[in-house]
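Chemist: Sharing my_file-v4.pdb (PDB, C-alpha atoms) below.
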MODEL        1
ATOM      1  CA  VAL P 224       1.157 -23.362  18.226
ATOM      2  CA  GLY P 225       4.554 -25.031  17.831
ATOM      3  CA  ALA P 226       3.106 -28.400  16.815
ATOM      4  CA  ALA P 227       0.766 -26.809  14.267
ATOM      5  CA  LEU P 228       3.588 -24.783  12.721
ATOM      6  CA  ALA P 229       5.823 -27.865  12.537
ATOM      7  CA  THR P 230       3.104 -29.804  10.705
ATOM      8  CA  LEU P 231       2.502 -26.980   8.253
ATOM      9  CA  THR P 232       6.194 -26.396   7.501
ATOM     10  CA  SER P 233       6.711 -30.120   6.951
ATOM     11  CA  LEU P 234       3.843 -30.226   4.465
ATOM     12  CA  CYS P 235       5.079 -27.128   2.651
ATOM     13  CA  ARG P 236       8.643 -28.437   2.511
ATOM     14  CA  ASP P 237       7.353 -31.633   0.914
ATOM     15  CA  LEU P 238       5.359 -29.664  -1.676
ATOM     16  CA  ILE P 239       8.385 -27.506  -2.478
ATOM     17  CA  ARG P 240      10.458 -30.659  -2.982
ATOM     18  CA  ARG P 241       7.823 -32.232  -5.223
ATOM     19  CA  THR P 242       7.568 -29.168  -7.469
ATOM     20  CA  GLU P 243      11.277 -28.737  -8.135
ATOM     21  CA  ASP P 244      10.749 -29.785 -11.778
ATOM     22  CA  GLY P 245       8.731 -26.618 -12.437
ATOM     23  CA  SER P 246       5.573 -28.490 -13.392
ATOM     24  CA  HIS P 247       3.326 -26.730 -10.857
ATOM     25  CA  PRO P 248       4.575 -23.155 -10.355
ATOM     26  CA  GLY P 249       1.317 -21.980  -8.757
ATOM     27  CA  LEU P 250       1.348 -24.767  -6.185
ATOM     28  CA  ARG P 251       5.038 -24.169  -5.536
ATOM     29  CA  LEU P 252       4.502 -20.447  -4.900
ATOM     30  CA  THR P 253       1.653 -21.220  -2.497
ATOM     31  CA  ALA P 254       3.848 -23.706  -0.618
ATOM     32  CA  VAL P 255       6.709 -21.184  -0.450
ATOM     33  CA  ARG P 256       4.440 -18.482   0.957
ATOM     34  CA  HIS P 257       3.004 -20.748   3.634
ATOM     35  CA  PHE P 258       6.423 -22.142   4.492
ATOM     36  CA  ILE P 259       7.604 -18.589   5.143
ATOM     37  CA  ASP P 260       4.568 -17.756   7.262
ATOM     38  CA  ALA P 261       4.951 -20.871   9.410
ATOM     39  CA  ALA P 262       8.748 -20.980   9.747
ATOM     40  CA  ALA P 263       9.676 -21.545  13.384
ATOM     41  CA  GLN P 264      13.430 -21.190  12.754
ATOM     42  CA  PRO P 265      14.998 -18.377  10.723
ATOM     43  CA  ASP P 266      17.821 -20.273   9.000
ATOM     44  CA  THR P 267      16.145 -21.385   5.761
ATOM     45  CA  ILE P 268      14.232 -18.197   5.012
ATOM     46  CA  THR P 269      17.237 -16.055   5.971
ATOM     47  CA  ALA P 270      19.262 -17.953   3.364
ATOM     48  CA  TRP P 271      16.532 -17.380   0.776
ATOM     49  CA  LEU P 272      16.567 -13.666   1.568
ATOM     50  CA  SER P 273      20.354 -13.451   1.275
ATOM     51  CA  GLU P 274      20.378 -15.316  -2.038
ATOM     52  CA  GLY P 275      17.380 -13.436  -3.434
ATOM     53  CA  THR P 276      15.715 -16.661  -4.479
ATOM     54  CA  VAL P 277      14.252 -19.936  -3.314
ATOM     55  CA  PRO P 278      16.548 -22.729  -4.562
ATOM     56  CA  GLY P 279      14.936 -23.883  -7.787
ATOM     57  CA  GLY P 280      12.749 -20.759  -7.862
ATOM     58  CA  PRO P 281      10.933 -18.525  -7.568
ATOM     59  CA  GLU P 282      13.151 -15.493  -7.329
ATOM     60  CA  LEU P 283      12.097 -13.182  -4.536
ATOM     61  CA  ASP P 284       9.944 -10.281  -5.659
ATOM     62  CA  PRO P 285       9.219  -7.427  -3.202
ATOM     63  CA  GLU P 286       6.147  -9.227  -1.838
ATOM     64  CA  LEU P 287       8.141 -12.332  -0.950
ATOM     65  CA  ARG P 288      11.044 -10.336   0.470
ATOM     66  CA  TRP P 289       8.741  -8.432   2.802
ATOM     67  CA  ARG P 290       6.935 -11.642   3.661
ATOM     68  CA  ILE P 291      10.229 -13.182   4.783
ATOM     69  CA  LEU P 292      11.201 -10.054   6.695
ATOM     70  CA  GLY P 293       7.816 -10.085   8.402
ATOM     71  CA  ARG P 294       8.355 -13.626   9.614
ATOM     72  CA  LEU P 295      11.911 -12.876  10.708
ATOM     73  CA  ALA P 296      10.539  -9.919  12.669
ATOM     74  CA  VAL P 297       8.076 -12.192  14.477
ATOM     75  CA  LEU P 298      10.933 -14.550  15.335
ATOM     76  CA  GLY P 299      13.080 -11.700  16.610
ATOM     77  CA  ALA P 300      15.721 -12.486  13.991
ATOM     78  CA  ILE P 301      15.941  -8.917  12.616
ATOM     79  CA  ASP P 302      15.749  -5.445  14.114
ATOM     80  CA  ASP P 303      14.608  -1.962  13.124
ATOM     81  CA  ALA P 304      17.864  -1.272  11.293
ATOM     82  CA  VAL P 305      17.376  -4.235   8.939
ATOM     83  CA  ILE P 306      13.792  -3.174   8.248
ATOM     84  CA  GLU P 307      14.818   0.407   7.485
ATOM     85  CA  ALA P 308      17.656  -0.750   5.230
ATOM     86  CA  GLU P 309      15.184  -2.805   3.189
ATOM     87  CA  LEU P 310      12.835   0.168   3.024
ATOM     88  CA  VAL P 311      15.628   2.275   1.501
ATOM     89  CA  GLN P 312      15.909  -0.358  -1.247
ATOM     90  CA  ASP P 313      12.120  -0.510  -1.705
ATOM     91  CA  PRO P 314      10.486   2.828  -0.840
ATOM     92  CA  SER P 315       7.327   1.939  -2.776
ATOM     93  CA  ALA P 316       3.865   1.615  -1.236
ATOM     94  CA  THR P 317       4.564  -2.117  -0.887
ATOM     95  CA  GLY P 318       7.750  -1.283   0.996
ATOM     96  CA  GLN P 319       6.048   1.221   3.275
ATOM     97  CA  GLU P 320       3.377  -1.303   4.207
ATOM     98  CA  GLY P 321       5.910  -4.104   4.610
ATOM     99  CA  ALA P 322       8.040  -1.997   6.927
ATOM    100  CA  ALA P 323       5.033  -1.008   9.041
ATOM    101  CA  ARG P 324       4.020  -4.654   9.381
ATOM    102  CA  CYS P 325       7.562  -5.689  10.322
ATOM    103  CA  HIS P 326       8.020  -2.971  12.944
ATOM    104  CA  ALA P 327       4.738  -3.943  14.598
ATOM    105  CA  ALA P 328       5.656  -7.646  14.551
ATOM    106  CA  LEU P 329       8.898  -7.306  16.492
ATOM    107  CA  PRO P 330       8.723  -9.175  19.835
ATOM    108  CA  ASP P 331       9.649  -6.085  21.808
ATOM    109  CA  PRO P 332       7.451  -4.198  24.321
ATOM    110  CA  GLU P 333       8.489  -0.795  22.967
ATOM    111  CA  ALA P 334       7.755  -1.850  19.377
ATOM    112  CA  LYS P 335       4.299  -3.009  20.428
ATOM    113  CA  HIS P 336       3.688   0.221  22.339
ATOM    114  CA  GLN P 337       4.674   2.371  19.372
ATOM    115  CA  ALA P 338       2.530   0.356  16.979
ATOM    116  CA  TRP P 339      -0.471   0.562  19.292
ATOM    117  CA  GLU P 340      -0.124   4.299  19.794
ATOM    118  CA  ALA P 341       0.138   4.813  16.038
ATOM    119  CA  MET P 342      -3.063   2.865  15.454
ATOM    120  CA  PHE P 343      -5.252   4.028  18.310
ATOM    121  CA  THR P 344      -3.926   7.332  19.666
ATOM    122  CA  THR P 345      -1.955   9.525  17.283
ATOM    123  CA  ASP P 346      -4.180   8.969  14.209
ATOM    124  CA  ASN P 347      -1.233   9.546  11.882
ATOM    125  CA  LEU P 348      -1.500   6.342   9.833
ATOM    126  CA  SER P 349      -3.172   6.121   6.456
ATOM    127  CA  ASN P 350      -5.774   3.403   5.972
ATOM    128  CA  TYR P 351      -3.194   1.175   4.286
ATOM    129  CA  LEU P 352      -0.534   1.673   6.953
ATOM    130  CA  PHE P 353      -3.092   1.154   9.719
ATOM    131  CA  THR P 354      -3.978  -2.192   8.156
ATOM    132  CA  ALA P 355      -0.319  -3.168   7.725
ATOM    133  CA  THR P 356       0.485  -2.256  11.329
ATOM    134  CA  ALA P 357      -2.522  -4.194  12.597
ATOM    135  CA  LYS P 358      -1.482  -7.270  10.583
ATOM    136  CA  GLY P 359       1.911  -7.216  12.270
ATOM    137  CA  PHE P 360       0.757  -6.533  15.797
ATOM    138  CA  TRP P 361      -1.036  -9.725  16.855
ATOM    139  CA  GLN P 362       1.066 -12.868  16.553
ATOM    140  CA  PRO P 363       0.169 -16.211  18.188
ATOM    141  CA  GLU P 364       3.778 -16.725  19.307
ATOM    142  CA  GLN P 365       3.616 -13.391  21.148
ATOM    143  CA  ALA P 366       0.414 -13.978  23.114
ATOM    144  CA  ASP P 367       2.027 -13.249  26.472
ATOM    145  CA  LEU P 368       3.653 -10.063  25.191
ATOM    146  CA  VAL P 369       0.381  -8.556  23.936
ATOM    147  CA  ARG P 370      -1.980  -9.970  26.551
ATOM    148  CA  ASP P 371      -2.635  -6.591  28.178
ATOM    149  CA  TYR P 372      -3.653  -5.088  24.840
ATOM    150  CA  VAL P 373      -6.705  -7.340  24.504
ATOM    151  CA  PRO P 374      -8.936  -5.394  26.933
ATOM    152  CA  ARG P 375      -7.479  -2.134  25.600
ATOM    153  CA  TYR P 376      -8.671  -3.055  22.124
ATOM    154  CA  PHE P 377     -12.308  -3.218  23.171
ATOM    155  CA  LYS P 378     -12.014   0.126  24.945
ATOM    156  CA  GLN P 379     -10.199   2.002  22.190
ATOM    157  CA  ALA P 380     -11.509   0.510  18.941
ATOM    158  CA  PRO P 381     -14.924   2.241  19.160
ATOM    159  CA  ALA P 382     -13.235   5.598  19.722
ATOM    160  CA  VAL P 383     -10.844   5.341  16.776
ATOM    161  CA  ALA P 384     -13.686   4.108  14.548
ATOM    162  CA  ALA P 385     -15.796   7.099  15.515
ATOM    163  CA  ARG P 386     -12.943   9.548  14.910
ATOM    164  CA  ARG P 387     -11.629   8.204  11.646
ATOM    165  CA  GLY P 388     -14.590   6.866   9.711
ATOM    166  CA  SER P 389     -15.809   3.650   8.152
ATOM    167  CA  ALA P 390     -12.595   2.538   6.376
ATOM    168  CA  ILE P 391     -10.573   2.592   9.587
ATOM    169  CA  ALA P 392     -13.529   1.112  11.465
ATOM    170  CA  GLU P 393     -13.539  -1.879   9.118
ATOM    171  CA  ALA P 394      -9.755  -2.246   9.360
ATOM    172  CA  ALA P 395      -9.920  -2.035  13.151
ATOM    173  CA  GLY P 396     -12.601  -4.701  13.244
ATOM    174  CA  ARG P 397     -11.016  -7.021  10.731
ATOM    175  CA  TRP P 398      -7.241  -6.667  11.171
ATOM    176  CA  ALA P 399      -6.693  -5.072  14.590
ATOM    177  CA  PHE P 400      -9.050  -7.498  16.354
ATOM    178  CA  PRO P 401      -7.148  -9.846  18.765
ATOM    179  CA  VAL P 402      -8.028 -12.909  16.745
ATOM    180  CA  TYR P 403      -5.477 -15.163  18.474
ATOM    181  CA  ALA P 404      -6.782 -14.410  21.971
ATOM    182  CA  VAL P 405      -9.467 -17.096  21.833
ATOM    183  CA  SER P 406     -10.867 -17.295  25.351
ATOM    184  CA  PRO P 407     -14.154 -16.889  27.225
ATOM    185  CA  GLU P 408     -12.819 -13.621  28.661
ATOM    186  CA  THR P 409     -12.113 -12.166  25.207
ATOM    187  CA  LEU P 410     -15.594 -13.193  24.110
ATOM    188  CA  ARG P 411     -17.094 -11.548  27.186
ATOM    189  CA  LEU P 412     -15.199  -8.322  26.571
ATOM    190  CA  GLY P 413     -16.261  -8.324  22.939
ATOM    191  CA  LYS P 414     -19.934  -8.779  23.720
ATOM    192  CA  LYS P 415     -19.743  -6.063  26.347
ATOM    193  CA  CYS P 416     -18.218  -3.768  23.721
ATOM    194  CA  LEU P 417     -21.121  -4.494  21.377
ATOM    195  CA  THR P 418     -23.743  -3.641  23.962
ATOM    196  CA  LYS P 419     -22.067  -0.841  25.916
ATOM    197  CA  GLY P 420     -19.169   0.435  23.816
ATOM    198  CA  ASN P 421     -21.335   2.150  21.200
ATOM    199  CA  PRO P 422     -19.302   0.957  18.173
ATOM    200  CA  THR P 423     -20.044   2.565  14.831
ATOM    201  CA  PRO P 424     -22.124   0.456  12.409
ATOM    202  CA  ALA P 425     -19.036  -0.505  10.356
ATOM    203  CA  LEU P 426     -17.122  -1.630  13.441
ATOM    204  CA  HIS P 427     -20.204  -3.317  14.898
ATOM    205  CA  ARG P 428     -20.595  -5.513  11.808
ATOM    206  CA  LYS P 429     -16.958  -6.642  11.928
ATOM    207  CA  LEU P 430     -17.068  -7.318  15.662
ATOM    208  CA  VAL P 431     -20.175  -9.453  15.297
ATOM    209  CA  ASP P 432     -18.430 -11.569  12.658
ATOM    210  CA  GLN P 433     -15.233 -11.905  14.693
ATOM    211  CA  LEU P 434     -17.053 -12.819  17.886
ATOM    212  CA  ASP P 435     -19.206 -15.396  16.059
ATOM    213  CA  ASP P 436     -16.003 -17.038  14.796
ATOM    214  CA  MET P 437     -14.496 -16.945  18.282
ATOM    215  CA  GLU P 438     -17.599 -18.474  19.823
ATOM    216  CA  ARG P 439     -17.450 -21.341  17.310
ATOM    217  CA  ALA P 440     -13.747 -21.845  18.068
ATOM    218  CA  LEU P 441     -14.497 -22.094  21.773
ATOM    219  CA  ARG P 442     -17.241 -24.650  21.136
ATOM    220  CA  VAL P 443     -14.829 -26.730  19.068
ATOM    221  CA  ARG P 444     -12.306 -26.629  21.903
ATOM    222  CA  GLU P 445     -14.932 -27.836  24.348
ATOM    223  CA  VAL P 446     -15.799 -30.784  22.100
TER     224      VAL P 446
ENDMDL
END
What do you get writing this file as structure tokens?

Modeler:
Amino acid sequence: VGAALATLTSLCRDLIRRTEDGSHPGLRLTAVRHFIDAAAQPDTITAWLSEGTVPGGPELDPELRWRILGRLAVLGAIDDAVIEAELVQDPSATGQEGAARCHAALPDPEAKHQAWEAMFTTDNLSNYLFTATAKGFWQPEQADLVRDYVPRYFKQAPAVAARRGSAIAEAAGRWAFPVYAVSPETLRLGKKCLTKGNPTPALHRKLVDQLDDMERALRVREV
């Protein structure tokens, strides 16, 4: 993971440098977004957040601010208080979703527990907040922290899909799926869920797609 992130941040940094003249704003914005998502150290993006802008542009809109906060949450460089302070400044739907994603991304066992319970037990999240929480939960850098949740997913996803309907079923299959846990054991658990877990049709479709992708990834690894 570290080597891949280093390669991506280096490429994005080069693109940001090349577009300083403003000639390719679309390319620059894409490079900025991917630089944020791949940042392995918090220093640069923390400075951007403090200044409210990327040097040379763009200025940070709410989407970029929450994107940076999401990455800082993954890195453990912010806490709940910082997230809540930002939410006070941006209480919009974008802010609510950004805060949910950040809370779930924190590398803390209690944060993961609370996010999981909100998604799969208490049923108190809207469709949008369920999706945001799911996007924050699984992070490749946190594989060890969330390892025990992989088998729990295949046990609990069919139940929440059955309780809450097709929209949550699709979100559970697309966003809450442990996509980073690429292993023969995850594939086995997923196929067992398909045959014995009685997933709803909406969840079944998403699981089939996810497991097909995982099977291809495993074949590539073998080669």

Chemist: I need every residue sitting at most 10 Å from the point (-8.5, -8.3, 23.6) (coordinates as in the file, only C-alpha atoms considered), written as number ranges by chain.

Modeler: P: 369-378, 399-406, 408-413

Chemist: Using all atoms listed in the file, pick whichever of P:Pro248, P:Ile391, P:Pro285, P:Trp398 has the shortest atom-to-atom distance to Pro314 of chain P.

Modeler: P:Pro285

Chemist: Could you tell me which residues the PyMOL selection byres ((chain P and resi 395) around 8) grabs in this file, written as a PyMOL selection string?

Modeler: chain P and resi 354+357+380+384+391-394+396-400+426

Chemist: Quick one: everything within 12 Å of Ala226 of chain P, counting all atoms listed in the file, minus sequence neighbours fewer than 3 positions away in the same chain. Send it as a PyMOL selection string.

Modeler: chain P and resi 229-233+261-263+364

Chemist: The PyMOL selection byres ((chain P and resi 323) around 12) on the file shown: which residues, as a VMD selection string?

Modeler: chain P and resid 289 292 to 293 296 303 306 to 307 309 to 310 314 316 to 322 324 to 329 334 to 335 337 to 339 341 to 342 348 to 349 351 to 360

Chemist: Using atom CA of Lys419 of chain P and atom CA of Ala385 of chain P as the two end points, give the distance in Å to one decimal.

Modeler: 14.5 Å

Chemist: Given the choices P:Leu250, P:Leu441, P:Leu295, P:His257, which gets closest to Thr269 of chain P if the distance is worked out from only C-alpha atoms?

Modeler: P:Leu295

Chemist: One decimal, Å: what's the distance from atom CA of Glu282 of chain P over to atom CA of Pro330 of chain P, could you say?

Modeler: 28.2 Å
